[in-house]
Amino acid sequence: MKILAIDTTSGACSAALYDQGSVCERFFRAERDHTRRLLPMVDEVLAEGGIALSEIDALAVSRGPGSFTGLRIAISFAQGLAFASDRPVVPVSSLAALAAGAVREHAHWRGAPVLATLDARMQEVYWGVYRSDAPHESLLPEAVSSPETAVEQLKTAGLLGSEGAPFYAAGPGLHYPALDALEATEKVVACDIRARDIAELAAGLWAQNEAVPAEQLEPIYLRNEVTWKKRERIRSR
């Protein structure tokens, strides 16, 4: 199985090639110039893997949530490569990829619930809860909410750990006081969404027949149209 993955969900861009379990990746932290950087990154990982675009089985891309502009760039770029290579695309949750990356870097987190958070601005966070034995699907529906609402829902669901059970948290959304106050076993604020984790998650989703034709690929914003219009009005002031 050969999967080419890309991501521009947050303040970084990356490309990775997954080939039978091995991964090569290019990663660059940058708020801008994602469209200019992505194609050379793709060319480099394909060259390193000794694989042509026509030889991959599928593309993979973060389908959100995340930066509105970043998601549109990643989705459009993935669609372009998919049309050019006549290959399907595997959409992967950016929150699931964030959690998977945190577990990859902290092996002792494996098996326990991991809260993944992204700053959604407007005093809200994108969040989901994942386990390494079920990395593709949040234990609670992925959501955008106030940090206080997220904490309350986690408590109600009993996912904050009990009787010494470990519970971990990762992502830039943890800078909000309500989430920073969580009594997690361990917290890591500075972690990234990376194409290598998207690629590895996509391999599992591919096996579950979760790939879609390029024209059916849609970003998942979690915010509804009314919220986006509100944000546009705020920016225009």
# chains A, B, ... in the order shown; residues from 1 in each chain; ligands from 1
$ residues_around --residues "Ile73 in chain A" --least-positions-apart "5" --cutoff "9 Å" --atoms "only C-alpha atoms" --output "ChimeraX atom specification"
/A:7-9,34-35,68,78
$ closest_atom_pairs --of "range 120-168 of chain A" --to "range 97-115 of chain A" --cutoff "10 Å" --atoms "only C-alpha atoms" --output "JSON lines"
{"residue": "A:Trp127", "atom": "CA", "partner": "A:Leu115", "partner_atom": "CA", "distance": 7.0}
{"residue": "A:Gly128", "atom": "CA", "partner": "A:Leu115", "partner_atom": "CA", "distance": 5.9}
{"residue": "A:Val129", "atom": "CA", "partner": "A:Leu115", "partner_atom": "CA", "distance": 4.5}
{"residue": "A:Tyr130", "atom": "CA", "partner": "A:Val114", "partner_atom": "CA", "distance": 5.2}
{"residue": "A:Arg131", "atom": "CA", "partner": "A:Pro113", "partner_atom": "CA", "distance": 4.9}
{"residue": "A:Ser132", "atom": "CA", "partner": "A:Gly111", "partner_atom": "CA", "distance": 5.3}
{"residue": "A:Asp133", "atom": "CA", "partner": "A:Gly111", "partner_atom": "CA", "distance": 6.2}
{"residue": "A:Ala134", "atom": "CA", "partner": "A:Gly111", "partner_atom": "CA", "distance": 9.0}
{"residue": "A:Pro135", "atom": "CA", "partner": "A:Ala100", "partner_atom": "CA", "distance": 6.8}
{"residue": "A:His136", "atom": "CA", "partner": "A:Ala97", "partner_atom": "CA", "distance": 8.5}
{"residue": "A:Ser138", "atom": "CA", "partner": "A:Leu115", "partner_atom": "CA", "distance": 9.2}
{"residue": "A:Leu139", "atom": "CA", "partner": "A:Pro113", "partner_atom": "CA", "distance": 8.4}
{"residue": "A:Leu154", "atom": "CA", "partner": "A:Leu115", "partner_atom": "CA", "distance": 9.3}
{"residue": "A:Leu159", "atom": "CA", "partner": "A:Pro113", "partner_atom": "CA", "distance": 7.3}
{"residue": "A:Leu160", "atom": "CA", "partner": "A:Pro113", "partner_atom": "CA", "distance": 8.3}
{"residue": "A:Gly161", "atom": "CA", "partner": "A:Pro113", "partner_atom": "CA", "distance": 8.3}
{"residue": "A:Ala165", "atom": "CA", "partner": "A:Ala112", "partner_atom": "CA", "distance": 8.0}
{"residue": "A:Pro166", "atom": "CA", "partner": "A:Ala112", "partner_atom": "CA", "distance": 6.1}
{"residue": "A:Phe167", "atom": "CA", "partner": "A:Pro113", "partner_atom": "CA", "distance": 5.4}
{"residue": "A:Tyr168", "atom": "CA", "partner": "A:Val114", "partner_atom": "CA", "distance": 4.7}
$ closest_residue --among "A:Val90, A:Ala120, A:Ala181, A:Val151" --to "Pro219 in chain A" --atoms "only C-alpha atoms"
A:Val90
$ select_by_dssp --residues "chain A" --states "helix (DSSP H, G or I)" --output "ChimeraX atom specification"
/A:34-49,53-55,68-85,94-105,107-109,147-156,172-175,177-180,195-207,214-216,225-236
$ closest_residue --among "A:Gln216, A:Gln153, A:Ser93, A:Gln20" --to "Ile193 in chain A" --atoms "only C-alpha atoms"
A:Ser93
$ closest_residue --among "A:Asp33, A:Glu215, A:Asp197, A:Asp19" --to "Gly80 in chain A" --atoms "only C-alpha atoms"
A:Glu215
$ closest_atom_pairs --of "range 62-123 of chain A" --to "range 54-58 of chain A" --cutoff "9 Å" --atoms "only C-alpha atoms" --output "CSV"
residue,atom,partner,partner_atom,distance
A:Ala82,CA,A:Ala58,CA,7.7
A:Ala84,CA,A:Ser54,CA,8.6
A:Ser85,CA,A:Ser54,CA,5.4
A:Asp86,CA,A:Ser54,CA,8.0
A:Arg87,CA,A:Ala58,CA,5.4
A:Pro88,CA,A:Ala58,CA,5.2
A:Val89,CA,A:Ala58,CA,5.6
A:Val90,CA,A:Ala58,CA,7.0
$ select_by_dssp --residues "range 40-230 of chain A" --states "strand (DSSP E or B)" --output "PyMOL selection string"
chain A and resi 58-64+89-93+114-121+124-131+134+143-145+168-170+186-188+212
$ write_last_selection --atoms "C-alpha atoms" --output "mmCIF file, in the first residue's frame"
data_model
loop_
_atom_site.group_PDB
_atom_site.id
_atom_site.type_symbol
_atom_site.label_atom_id
_atom_site.label_comp_id
_atom_site.auth_asym_id
_atom_site.auth_seq_id
_atom_site.Cartn_x
_atom_site.Cartn_y
_atom_site.Cartn_z
ATOM 1 C CA ALA A 58 -4.420 6.871 -2.832
ATOM 2 C CA LEU A 59 -3.993 10.425 -1.599
ATOM 3 C CA ALA A 60 -4.683 11.338 2.015
ATOM 4 C CA VAL A 61 -5.484 14.748 3.452
ATOM 5 C CA SER A 62 -6.659 16.344 6.666
ATOM 6 C CA ARG A 63 -10.376 16.983 6.252
ATOM 7 C CA GLY A 64 -10.584 19.241 9.287
ATOM 8 C CA VAL A 89 -8.577 10.340 -1.533
ATOM 9 C CA VAL A 90 -8.759 9.236 2.093
ATOM 10 C CA PRO A 91 -10.027 12.094 4.317
ATOM 11 C CA VAL A 92 -8.545 12.025 7.829
ATOM 12 C CA SER A 93 -9.598 13.967 10.915
ATOM 13 C CA VAL A 114 -6.054 11.417 24.579
ATOM 14 C CA LEU A 115 -7.830 14.763 24.347
ATOM 15 C CA ALA A 116 -6.787 16.550 21.133
ATOM 16 C CA THR A 117 -7.429 20.296 20.977
ATOM 17 C CA LEU A 118 -7.019 23.051 18.406
ATOM 18 C CA ASP A 119 -7.612 26.752 18.989
ATOM 19 C CA ALA A 120 -10.757 27.651 17.009
ATOM 20 C CA ARG A 121 -10.438 31.345 17.903
ATOM 21 C CA GLU A 124 -13.646 28.319 21.282
ATOM 22 C CA VAL A 125 -11.761 25.074 20.710
ATOM 23 C CA TYR A 126 -12.018 22.160 18.324
ATOM 24 C CA TRP A 127 -11.702 18.956 20.318
ATOM 25 C CA GLY A 128 -12.040 15.186 20.264
ATOM 26 C CA VAL A 129 -10.952 12.233 22.419
ATOM 27 C CA TYR A 130 -9.092 9.236 20.987
ATOM 28 C CA ARG A 131 -7.473 5.967 22.023
ATOM 29 C CA ALA A 134 -9.382 3.141 17.997
ATOM 30 C CA ALA A 143 -16.955 19.363 18.423
ATOM 31 C CA VAL A 144 -16.306 23.069 18.490
ATOM 32 C CA SER A 145 -17.305 24.692 21.751
ATOM 33 C CA TYR A 168 -3.650 12.735 28.434
ATOM 34 C CA ALA A 169 -4.172 15.998 26.572
ATOM 35 C CA ALA A 170 -2.435 17.572 23.588
ATOM 36 C CA GLU A 186 0.308 14.681 31.204
ATOM 37 C CA LYS A 187 -0.297 17.608 28.836
ATOM 38 C CA VAL A 188 1.606 18.792 25.767
ATOM 39 C CA VAL A 212 -13.684 8.719 -1.744
#
$ residues_around --residues "Ala12 in chain A" --least-positions-apart "5" --cutoff "9 Å" --atoms "only C-alpha atoms" --output "PDB file with N, CA, C and O atoms, in the first residue's frame"
ATOM      1  N   ASP A   7      -0.791  18.029   4.392  1.00  0.00           N
ATOM      2  CA  ASP A   7      -1.523  18.764   5.421  1.00  0.00           C
ATOM      3  C   ASP A   7      -1.112  20.228   5.445  1.00  0.00           C
ATOM      4  O   ASP A   7       0.072  20.546   5.356  1.00  0.00           O
ATOM      5  N   PHE A  27       8.447  18.428   6.451  1.00  0.00           N
ATOM      6  CA  PHE A  27       7.631  19.244   7.347  1.00  0.00           C
ATOM      7  C   PHE A  27       8.247  20.622   7.452  1.00  0.00           C
ATOM      8  O   PHE A  27       9.462  20.764   7.589  1.00  0.00           O
ATOM      9  N   PHE A  28       7.395  21.646   7.383  1.00  0.00           N
ATOM     10  CA  PHE A  28       7.896  23.022   7.507  1.00  0.00           C
ATOM     11  C   PHE A  28       6.851  23.851   8.239  1.00  0.00           C
ATOM     12  O   PHE A  28       5.677  23.845   7.867  1.00  0.00           O
ATOM     13  N   ARG A  29       7.284  24.535   9.286  1.00  0.00           N
ATOM     14  CA  ARG A  29       6.367  25.386  10.041  1.00  0.00           C
ATOM     15  C   ARG A  29       6.325  26.767   9.401  1.00  0.00           C
ATOM     16  O   ARG A  29       7.332  27.474   9.376  1.00  0.00           O
ATOM     17  N   ALA A  30       5.168  27.144   8.867  1.00  0.00           N
ATOM     18  CA  ALA A  30       5.015  28.430   8.183  1.00  0.00           C
ATOM     19  C   ALA A  30       3.543  28.798   8.153  1.00  0.00           C
ATOM     20  O   ALA A  30       2.689  27.958   7.884  1.00  0.00           O
ATOM     21  N   GLU A  31       3.234  30.034   8.441  1.00  0.00           N
ATOM     22  CA  GLU A  31       1.849  30.499   8.414  1.00  0.00           C
ATOM     23  C   GLU A  31       1.376  30.779   6.989  1.00  0.00           C
ATOM     24  O   GLU A  31       0.178  30.771   6.720  1.00  0.00           O
ATOM     25  N   ARG A  32       2.322  31.028   6.085  1.00  0.00           N
ATOM     26  CA  ARG A  32       1.964  31.395   4.716  1.00  0.00           C
ATOM     27  C   ARG A  32       2.778  30.569   3.711  1.00  0.00           C
ATOM     28  O   ARG A  32       3.617  29.774   4.093  1.00  0.00           O
ATOM     29  N   HIS A  34       1.962  28.144   1.831  1.00  0.00           N
ATOM     30  CA  HIS A  34       1.739  26.703   1.788  1.00  0.00           C
ATOM     31  C   HIS A  34       1.634  26.188   0.359  1.00  0.00           C
ATOM     32  O   HIS A  34       2.179  25.127   0.031  1.00  0.00           O
ATOM     33  N   ASP A 192       2.143  19.251  16.759  1.00  0.00           N
ATOM     34  CA  ASP A 192       1.695  19.605  15.417  1.00  0.00           C
ATOM     35  C   ASP A 192       0.875  18.491  14.777  1.00  0.00           C
ATOM     36  O   ASP A 192       0.996  17.319  15.137  1.00  0.00           O
ATOM     37  N   ILE A 193       0.066  18.883  13.819  1.00  0.00           N
ATOM     38  CA  ILE A 193      -0.555  17.931  12.905  1.00  0.00           C
ATOM     39  C   ILE A 193       0.448  17.688  11.786  1.00  0.00           C
ATOM     40  O   ILE A 193       0.942  18.638  11.181  1.00  0.00           O
ATOM     41  N   ARG A 194       0.754  16.426  11.528  1.00  0.00           N
ATOM     42  CA  ARG A 194       1.776  16.110  10.542  1.00  0.00           C
ATOM     43  C   ARG A 194       1.245  15.117   9.528  1.00  0.00           C
ATOM     44  O   ARG A 194       0.455  14.221   9.846  1.00  0.00           O
TER      45      ARG A 194
END
$ atom_distance --atom1 "CA of Leu4 in chain A" --atom2 "CA of Ala16 in chain A"
5.9 Å
$ atom_distance --atom1 "CA of Met1 in chain A" --atom2 "CA of Leu201 in chain A"
12.7 Å
